[in-house]
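Peer 1: Got a structure for you, entry.cif, holding mmCIF, C-alpha atoms.
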```cif
data_model
loop_
_atom_site.label_atom_id
_atom_site.label_comp_id
_atom_site.auth_asym_id
_atom_site.auth_seq_id
_atom_site.Cartn_x
_atom_site.Cartn_y
_atom_site.Cartn_z
CA MET A 1 14.20 -2.99 -9.26
CA VAL A 2 12.16 -2.82 -6.05
CA CYS A 3 14.97 -0.98 -4.26
CA GLY A 4 15.13 1.57 -7.08
CA VAL A 5 11.36 2.09 -6.90
CA LEU A 6 11.51 2.61 -3.13
CA VAL A 7 14.39 5.08 -3.42
CA LEU A 8 12.49 7.14 -6.00
CA PHE A 9 9.33 6.95 -3.93
CA SER A 10 11.14 8.03 -0.75
CA PHE A 11 12.80 10.97 -2.50
CA ALA A 12 9.58 12.20 -4.14
CA ILE A 13 7.31 11.72 -1.13
CA GLY A 14 9.90 13.38 1.09
CA ALA A 15 9.91 16.39 -1.24
CA ALA A 16 6.10 16.41 -1.23
CA MET A 17 5.92 16.33 2.57
CA GLY A 18 8.53 19.08 2.80
CA ALA A 19 6.53 21.30 0.44
CA TYR A 20 3.13 20.65 2.07
CA PRO A 21 1.96 23.93 3.67
CA GLY A 22 -0.03 22.35 6.47
CA GLY A 23 -3.36 21.18 7.80
CA THR A 24 -4.84 17.85 8.84
CA HIS A 25 -8.44 16.70 8.78
CA LEU A 26 -8.67 17.19 12.53
CA ASP A 27 -6.57 20.36 12.76
CA PRO A 28 -6.52 22.61 9.67
CA THR A 29 -4.13 24.99 11.44
CA GLN A 30 -1.37 22.36 11.76
CA ALA A 31 1.87 23.65 10.22
CA GLY A 32 3.55 21.45 7.61
CA TYR A 33 3.06 17.75 6.97
CA ASP A 34 2.56 15.65 10.10
CA PHE A 35 3.69 12.09 9.29
CA TRP A 36 1.37 10.45 11.82
CA ASN A 37 -1.65 12.75 11.42
CA ASN A 38 -1.76 13.35 7.66
CA PHE A 39 -2.79 10.75 5.09
CA TRP A 40 -0.54 10.07 2.12
CA CYS A 41 -3.27 11.51 -0.10
CA ASP A 42 -3.32 14.79 1.84
CA ALA A 43 -0.08 15.68 0.08
CA LEU A 44 -1.96 15.43 -3.26
CA ARG A 45 -4.25 18.31 -2.29
CA ASN A 46 -3.99 21.71 -3.90
CA PRO A 47 -4.79 23.83 -2.00
CA ALA A 48 -3.69 22.09 1.18
CA LEU A 49 -6.05 21.50 4.08
CA ASN A 50 -5.05 24.86 5.58
CA GLY A 51 -6.16 26.60 2.40
CA GLU A 52 -2.69 27.53 1.12
CA PRO A 53 -1.42 26.64 -2.38
CA ASN A 54 0.35 23.30 -2.71
CA VAL A 55 1.25 23.15 -6.39
CA ARG A 56 4.78 21.71 -6.10
CA GLY A 57 3.93 19.42 -3.20
CA ALA A 58 0.88 17.98 -4.96
CA ARG A 59 2.91 17.34 -8.11
CA MET A 60 5.67 15.56 -6.18
CA ALA A 61 3.16 13.50 -4.21
CA SER A 62 1.44 12.41 -7.41
CA ILE A 63 4.79 11.36 -8.88
CA ALA A 64 5.75 9.51 -5.69
CA LEU A 65 2.56 7.49 -5.37
CA TRP A 66 2.36 6.80 -9.10
CA VAL A 67 5.98 5.58 -9.17
CA LEU A 68 5.31 3.29 -6.20
CA SER A 69 2.12 1.81 -7.68
CA ALA A 70 3.51 1.43 -11.20
CA GLY A 71 6.86 0.16 -9.96
CA LEU A 72 5.20 -2.64 -7.98
CA LEU A 73 3.28 -4.02 -10.97
CA PRO A 74 5.99 -6.65 -11.69
CA PHE A 75 6.21 -7.55 -7.99
CA TRP A 76 2.97 -9.52 -8.03
CA GLY A 77 4.15 -11.87 -10.74
CA MET A 78 7.31 -12.52 -8.75
CA ALA A 79 5.30 -12.98 -5.53
CA ALA A 80 3.06 -15.51 -7.27
CA GLU A 81 5.99 -17.56 -8.57
CA LEU A 82 7.78 -17.41 -5.23
CA SER A 83 4.83 -18.16 -2.96
CA VAL A 84 3.10 -20.94 -4.89
CA PRO A 85 5.18 -24.13 -4.71
CA ARG A 86 6.62 -25.20 -8.05
CA VAL A 87 4.81 -28.56 -7.91
CA GLU A 88 1.57 -26.67 -8.47
CA ALA A 89 2.26 -26.20 -12.17
CA ALA A 90 -1.10 -24.75 -13.20
CA SER A 91 -2.14 -23.16 -9.95
CA ALA A 92 -5.21 -20.93 -9.88
CA ALA A 93 -3.70 -19.25 -6.82
CA ARG A 94 -0.66 -18.19 -8.83
CA THR A 95 -2.87 -16.59 -11.48
CA ALA A 96 -5.09 -14.93 -8.87
CA ILE A 97 -2.14 -13.38 -7.01
CA ARG A 98 -0.74 -11.97 -10.23
CA TRP A 99 -3.97 -10.45 -11.54
CA LEU A 100 -5.50 -9.29 -8.27
CA GLY A 101 -2.24 -7.55 -7.37
CA THR A 102 -1.90 -6.01 -10.82
CA CYS A 103 -5.48 -4.66 -10.74
CA ALA A 104 -4.89 -3.25 -7.26
CA MET A 105 -1.81 -1.35 -8.45
CA LEU A 106 -3.67 -0.03 -11.50
CA GLY A 107 -6.42 1.21 -9.18
CA MET A 108 -3.90 2.95 -6.95
CA MET A 109 -2.33 4.57 -10.00
CA GLY A 110 -5.77 6.04 -10.68
CA VAL A 111 -5.95 7.29 -7.09
CA THR A 112 -2.74 9.28 -7.58
CA VAL A 113 -4.18 11.32 -10.46
CA LEU A 114 -7.63 11.80 -8.88
CA PRO A 115 -7.01 13.64 -5.57
CA SER A 116 -9.75 13.52 -2.95
CA ASP A 117 -10.27 17.30 -2.88
CA GLN A 118 -11.16 17.42 -6.60
CA TYR A 119 -12.72 13.97 -7.10
CA PRO A 120 -13.90 12.89 -3.62
CA PHE A 121 -16.27 10.11 -4.70
CA VAL A 122 -14.12 8.59 -7.46
CA HIS A 123 -11.02 8.79 -5.23
CA GLY A 124 -12.78 7.01 -2.38
CA LEU A 125 -14.34 4.46 -4.73
CA LEU A 126 -10.97 3.56 -6.25
CA VAL A 127 -9.44 3.14 -2.79
CA SER A 128 -12.41 0.98 -1.75
CA VAL A 129 -11.94 -1.25 -4.82
CA ALA A 130 -8.14 -1.37 -5.10
CA GLY A 131 -7.68 -1.96 -1.36
CA PRO A 132 -9.61 -5.25 -1.16
CA LEU A 133 -8.00 -6.51 -4.39
CA GLY A 134 -4.53 -5.87 -2.97
CA ILE A 135 -5.44 -7.46 0.35
CA LEU A 136 -6.78 -10.58 -1.41
CA ALA A 137 -3.62 -10.85 -3.53
CA ALA A 138 -1.39 -10.47 -0.48
CA ALA A 139 -3.48 -12.90 1.58
CA LEU A 140 -3.15 -15.59 -1.08
CA ALA A 141 0.58 -14.97 -1.36
CA VAL A 142 1.08 -15.13 2.41
CA ILE A 143 -1.06 -18.27 2.83
CA LYS A 144 0.58 -20.13 -0.04
CA GLY A 145 4.01 -18.78 0.84
CA HIS A 146 3.78 -20.23 4.33
CA SER A 147 4.37 -23.70 2.90
CA SER A 148 6.77 -22.68 0.11
CA ARG A 149 10.46 -23.46 0.49
CA ARG A 150 11.29 -20.26 -1.36
CA VAL A 151 9.67 -17.92 1.19
CA PRO A 152 11.53 -17.18 4.46
CA GLY A 153 9.66 -17.18 7.74
CA ILE A 154 10.26 -13.45 8.27
CA ALA A 155 8.42 -12.73 5.01
CA SER A 156 5.40 -14.71 6.20
CA LEU A 157 5.44 -12.82 9.50
CA LEU A 158 5.71 -9.42 7.83
CA GLY A 159 3.03 -10.41 5.33
CA GLY A 160 0.68 -11.38 8.15
CA LEU A 161 1.28 -8.10 9.99
CA SER A 162 0.77 -6.23 6.73
CA LEU A 163 -2.55 -7.97 6.14
CA PHE A 164 -3.83 -7.31 9.65
CA SER A 165 -2.94 -3.61 9.59
CA ALA A 166 -4.13 -3.11 5.98
CA LEU A 167 -7.49 -4.76 6.64
CA SER A 168 -7.98 -2.70 9.81
CA ASN A 169 -7.10 0.44 7.88
CA LEU A 170 -9.47 -0.41 5.00
CA LEU A 171 -12.40 -1.22 7.29
CA GLN A 172 -12.03 2.05 9.16
CA TYR A 173 -11.63 3.98 5.90
CA ALA A 174 -14.76 2.34 4.47
CA ARG A 175 -16.65 3.17 7.65
CA GLN A 176 -15.78 6.85 7.26
CA PHE A 177 -16.24 7.01 3.49
CA TRP A 178 -19.40 4.94 2.99
CA LEU A 179 -21.15 5.42 6.35
CA ALA A 180 -20.02 9.03 6.96
CA ALA A 181 -18.75 8.03 10.41
CA ALA A 182 -16.79 10.48 12.52
CA PRO A 183 -13.07 10.55 11.59
CA TRP A 184 -10.92 8.22 13.69
CA PRO A 185 -7.86 10.22 14.82
CA PHE A 186 -5.51 7.23 14.57
CA LEU A 187 -6.39 6.28 10.98
CA PRO A 188 -3.53 8.25 9.33
CA ALA A 189 -1.04 6.56 11.68
CA LEU A 190 -2.54 3.14 10.94
CA GLN A 191 -2.18 3.86 7.23
CA LYS A 192 1.54 4.52 7.70
CA VAL A 193 1.99 1.35 9.78
CA ALA A 194 0.22 -0.72 7.12
CA THR A 195 2.41 0.84 4.42
CA LEU A 196 5.63 0.15 6.31
CA PHE A 197 4.69 -3.50 6.95
CA PHE A 198 3.66 -3.95 3.31
CA LEU A 199 6.87 -2.47 1.92
CA SER A 200 8.92 -4.55 4.37
CA TRP A 201 7.15 -7.66 3.08
CA VAL A 202 7.82 -6.58 -0.53
CA VAL A 203 11.53 -6.04 0.16
CA THR A 204 11.88 -9.34 2.04
CA LEU A 205 10.19 -11.35 -0.73
CA SER A 206 12.25 -9.58 -3.39
CA ALA A 207 15.46 -10.35 -1.51
CA ALA A 208 14.43 -14.02 -1.24
CA ALA A 209 13.79 -14.13 -4.99
CA LEU A 210 17.22 -12.66 -5.71
CA SER A 211 18.99 -15.05 -3.35
CA GLY A 212 17.42 -18.16 -4.89
CA ARG A 213 17.70 -19.90 -1.52
CA GLU A 214 15.32 -22.47 -0.16
CA PHE A 215 14.09 -22.46 3.43
CA PRO A 216 12.68 -25.17 5.71
CA ARG A 217 9.15 -26.05 4.66
CA ARG A 218 6.43 -25.18 7.14
CA ARG A 219 3.07 -26.86 7.53
CA PRO A 220 0.41 -25.69 5.06
CA ILE A 221 -2.29 -23.45 6.52
#
```
Reformat the file's structure so that it appears as structure tokens.
Peer 2:
Amino acid sequence: MVCGVLVLFSFAIGAAMGAYPGGTHLDPTQAGYDFWNNFWCDALRNPALNGEPNVRGARMASIALWVLSAGLLPFWGMAAELSVPRVEAASAARTAIRWLGTCAMLGMMGVTVLPSDQYPFVHGLLVSVAGPLGILAAALAVIKGHSSRRVPGIASLLGGLSLFSALSNLLQYARQFWLAAAPWPFLPALQKVATLFFLSWVVTLSAAALSGREFPRRRPI
């Protein structure tokens, strides 16, 4: 299922980027969508940052980000079962991973239908709430998964890199949104790096769940 979600997301976000007229927050005259200088949410804007209409692109971006968020709702239940060792029958960590992750995805689904140009405060608020929930869910899964026989070492590594980049991204975003700090030119690129690490972690965990293999147990952290 995860692979299907990622294929649909890639197709829709690719179409959205291709239709985006242009403009970044630092350079409104930029032509087209710049992968490293535009945020994902820039593609939701209509008009675009350069002032031109972006009806088709905004619609495709909304579909892409909604599909990704909605499609990952079941992932958190799987991540909880995979990361928390089976001996912990009634683990609070398992429940927390499932519900924190689910709430984070629901928040991001709201972000996709409330673009920042039309609903700047609500959009930023949802990101500021959903982001920490997702980071907490992932942190629990990575920490517990480190000592689980069902989680491969590469998943723990990718999860750690995902957490570091996502937390850095969220802190910088919060600084700009809540403290009105000057835009950091590398924030859109950091957002993409965090997304790529996160999706790599999702794919690796999903593959481990499908394989049913067990891996050498590492020391709990």
Peer 1: From the options A:Arg45, A:Ala16, A:Ala155, A:Val84, which residue's atoms come nearest to A:Met60, counting all atoms listed in the file?
Peer 2: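 Among A:Arg45, A:Ala16, A:Ala155, A:Val84, it is A:Ala16 that comes nearest to A:Met60.
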Peer 1: Identify, on the basis of all atoms listed in the file, every residue whose closest approach to A:Pro85 does not exceed 12 Å; exclude the query and any residue fewer than 5 positions from it along the same chain; express the result as number ranges by chain.
Peer 2: A: 79-80, 90-91, 93-94, 141, 143-151, 214, 217-218, 220
Peer 1: Would you pick out the contacts of A:Phe75 at 9 Å or less, using all atoms listed in the file, so that residues sharing its chain but fewer than 5 positions from it are not included, and give the list as a count of residues only?
Peer 2: 7
Peer 1: Do you know which residues the PyMOL selection byres ((chain A and resi 197-200) around 7) returns on this file, as JSON, numbers by chain?
Peer 2: {"A": [158, 159, 161, 162, 193, 194, 195, 196, 201, 202, 203, 204]}
Peer 1: Do a neighbour search on stretch 4-8 of chain A at 7 Å with only C-alpha atoms, toss out local chain neighbours closer than 2 positions, and write the hits as a PyMOL selection string.
Peer 2: chain A and resi 1-2+10-12+67-68+71
Peer 1: So the first atom is atom CA of A:Ser62 and the second is atom CA of A:Leu125; what is the distance between them in Å, to one decimal place?
Peer 2: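 Between these atoms lies a distance of 17.9 Å.
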Peer 1: Pick the closest to A:Leu82 from A:Pro216, A:Gly124, A:Pro183, A:Pro152: which is it, counting all atoms listed in the file?
Peer 2: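 Smallest separation from A:Leu82 among the options: A:Pro152.
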Peer 1: Report the distance between atom CA of A:Leu114 and atom CA of A:Met78 in Å, rounded to one decimal place.
Peer 2: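 Pair atom CA of A:Leu114 / atom CA of A:Met78 returns 28.5 Å.
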Peer 1: Which value, in Å to one decimal, gives the distance between atom CA of A:Asn38 and atom CA of A:Gly134?
Peer 2: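 It comes out at 22.1 Å.
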Peer 1: Just say which residues the PyMOL selection byres ((chain A and resi 37) around 9) picks in this file, as a list in words.
Peer 2: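 The output of the PyMOL selection byres ((chain A and resi 37) around 9) on this file is Thr24, His25, Leu26, Tyr33, Asp34, Phe35, Trp36, Asn38, Phe39, Pro185, Phe186, Leu187, Pro188 and Ala189 of chain A.
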Peer 1: Go through the shown structure with the PyMOL selection byres ((chain A and resi 57) around 6) and write out the matching residues as a PyMOL selection string.
Peer 2: chain A and resi 16+19-20+54-56+58-60
Peer 1: Now that the selection is made, can you save its residues with C-alpha atoms as a PDB file, in the frame of the given file?
Peer 2:
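Saved result, out35.pdb, follows:
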```pdb
ATOM      1  CA  ALA A  16       6.100  16.410  -1.230  1.00  0.00           C
ATOM      2  CA  ALA A  19       6.530  21.300   0.440  1.00  0.00           C
ATOM      3  CA  TYR A  20       3.130  20.650   2.070  1.00  0.00           C
ATOM      4  CA  ASN A  54       0.350  23.300  -2.710  1.00  0.00           C
ATOM      5  CA  VAL A  55       1.250  23.150  -6.390  1.00  0.00           C
ATOM      6  CA  ARG A  56       4.780  21.710  -6.100  1.00  0.00           C
ATOM      7  CA  ALA A  58       0.880  17.980  -4.960  1.00  0.00           C
ATOM      8  CA  ARG A  59       2.910  17.340  -8.110  1.00  0.00           C
ATOM      9  CA  MET A  60       5.670  15.560  -6.180  1.00  0.00           C
TER      10      MET A  60
END
```
Peer 1: Which residue gives the smallest distance to A:Asp117 among A:Ala139, A:Cys41, A:Ala31, A:Ala208, with all atoms listed in the file counted?
Peer 2: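 That would be A:Cys41, the residue with the smallest distance to A:Asp117.
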Peer 1: Between A:Trp184, A:Phe121, A:Phe9, A:Trp76, single out the one closest to A:Gln172, counting only C-alpha atoms.
Peer 2: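 Using only C-alpha atoms, A:Gln172 sits closest to A:Trp184.
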Peer 1: Kindly indicate which residue among A:Pro132, A:Trp40, A:Ala96, A:Gln176 lies nearest to A:Ser83, using only C-alpha atoms for the distances.
Peer 2: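 Closest to A:Ser83, using only C-alpha atoms: A:Ala96.
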Peer 1: Counting all atoms listed in the file, figure out which residue out of A:Gly23, A:Leu44, A:Tyr173, A:Leu205 gets nearest to A:Thr112.
Peer 2: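 For A:Thr112, the nearest of the given residues is A:Leu44.
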Peer 1: How would you write as a list of chain:residue names the residues that get within 10 Å of (-8.5, -0.1, 6.7) in the file's frame, counting all atoms listed in the file?
Peer 2: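 The residues that fall inside the cut-off are A:Ser128, A:Gly131, A:Pro132, A:Leu163, A:Phe164, A:Ser165, A:Ala166, A:Leu167, A:Ser168, A:Asn169, A:Leu170, A:Leu171, A:Gln172, A:Tyr173, A:Ala174, A:Arg175, A:Leu187, A:Leu190, A:Gln191, A:Ala194.
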Peer 1: Write the residues you've just listed into a file as a PDB file, in the coordinates of the input, and include C-alpha atoms for each of them.
Peer 2:
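Listed below is the output, result14.pdb:
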```
ATOM      1  CA  SER A 128     -12.410   0.980  -1.750  1.00  0.00           C
ATOM      2  CA  GLY A 131      -7.680  -1.960  -1.360  1.00  0.00           C
ATOM      3  CA  PRO A 132      -9.610  -5.250  -1.160  1.00  0.00           C
ATOM      4  CA  LEU A 163      -2.550  -7.970   6.140  1.00  0.00           C
ATOM      5  CA  PHE A 164      -3.830  -7.310   9.650  1.00  0.00           C
ATOM      6  CA  SER A 165      -2.940  -3.610   9.590  1.00  0.00           C
ATOM      7  CA  ALA A 166      -4.130  -3.110   5.980  1.00  0.00           C
ATOM      8  CA  LEU A 167      -7.490  -4.760   6.640  1.00  0.00           C
ATOM      9  CA  SER A 168      -7.980  -2.700   9.810  1.00  0.00           C
ATOM     10  CA  ASN A 169      -7.100   0.440   7.880  1.00  0.00           C
ATOM     11  CA  LEU A 170      -9.470  -0.410   5.000  1.00  0.00           C
ATOM     12  CA  LEU A 171     -12.400  -1.220   7.290  1.00  0.00           C
ATOM     13  CA  GLN A 172     -12.030   2.050   9.160  1.00  0.00           C
ATOM     14  CA  TYR A 173     -11.630   3.980   5.900  1.00  0.00           C
ATOM     15  CA  ALA A 174     -14.760   2.340   4.470  1.00  0.00           C
ATOM     16  CA  ARG A 175     -16.650   3.170   7.650  1.00  0.00           C
ATOM     17  CA  LEU A 187      -6.390   6.280  10.980  1.00  0.00           C
ATOM     18  CA  LEU A 190      -2.540   3.140  10.940  1.00  0.00           C
ATOM     19  CA  GLN A 191      -2.180   3.860   7.230  1.00  0.00           C
ATOM     20  CA  ALA A 194       0.220  -0.720   7.120  1.00  0.00           C
TER      21      ALA A 194
END
```
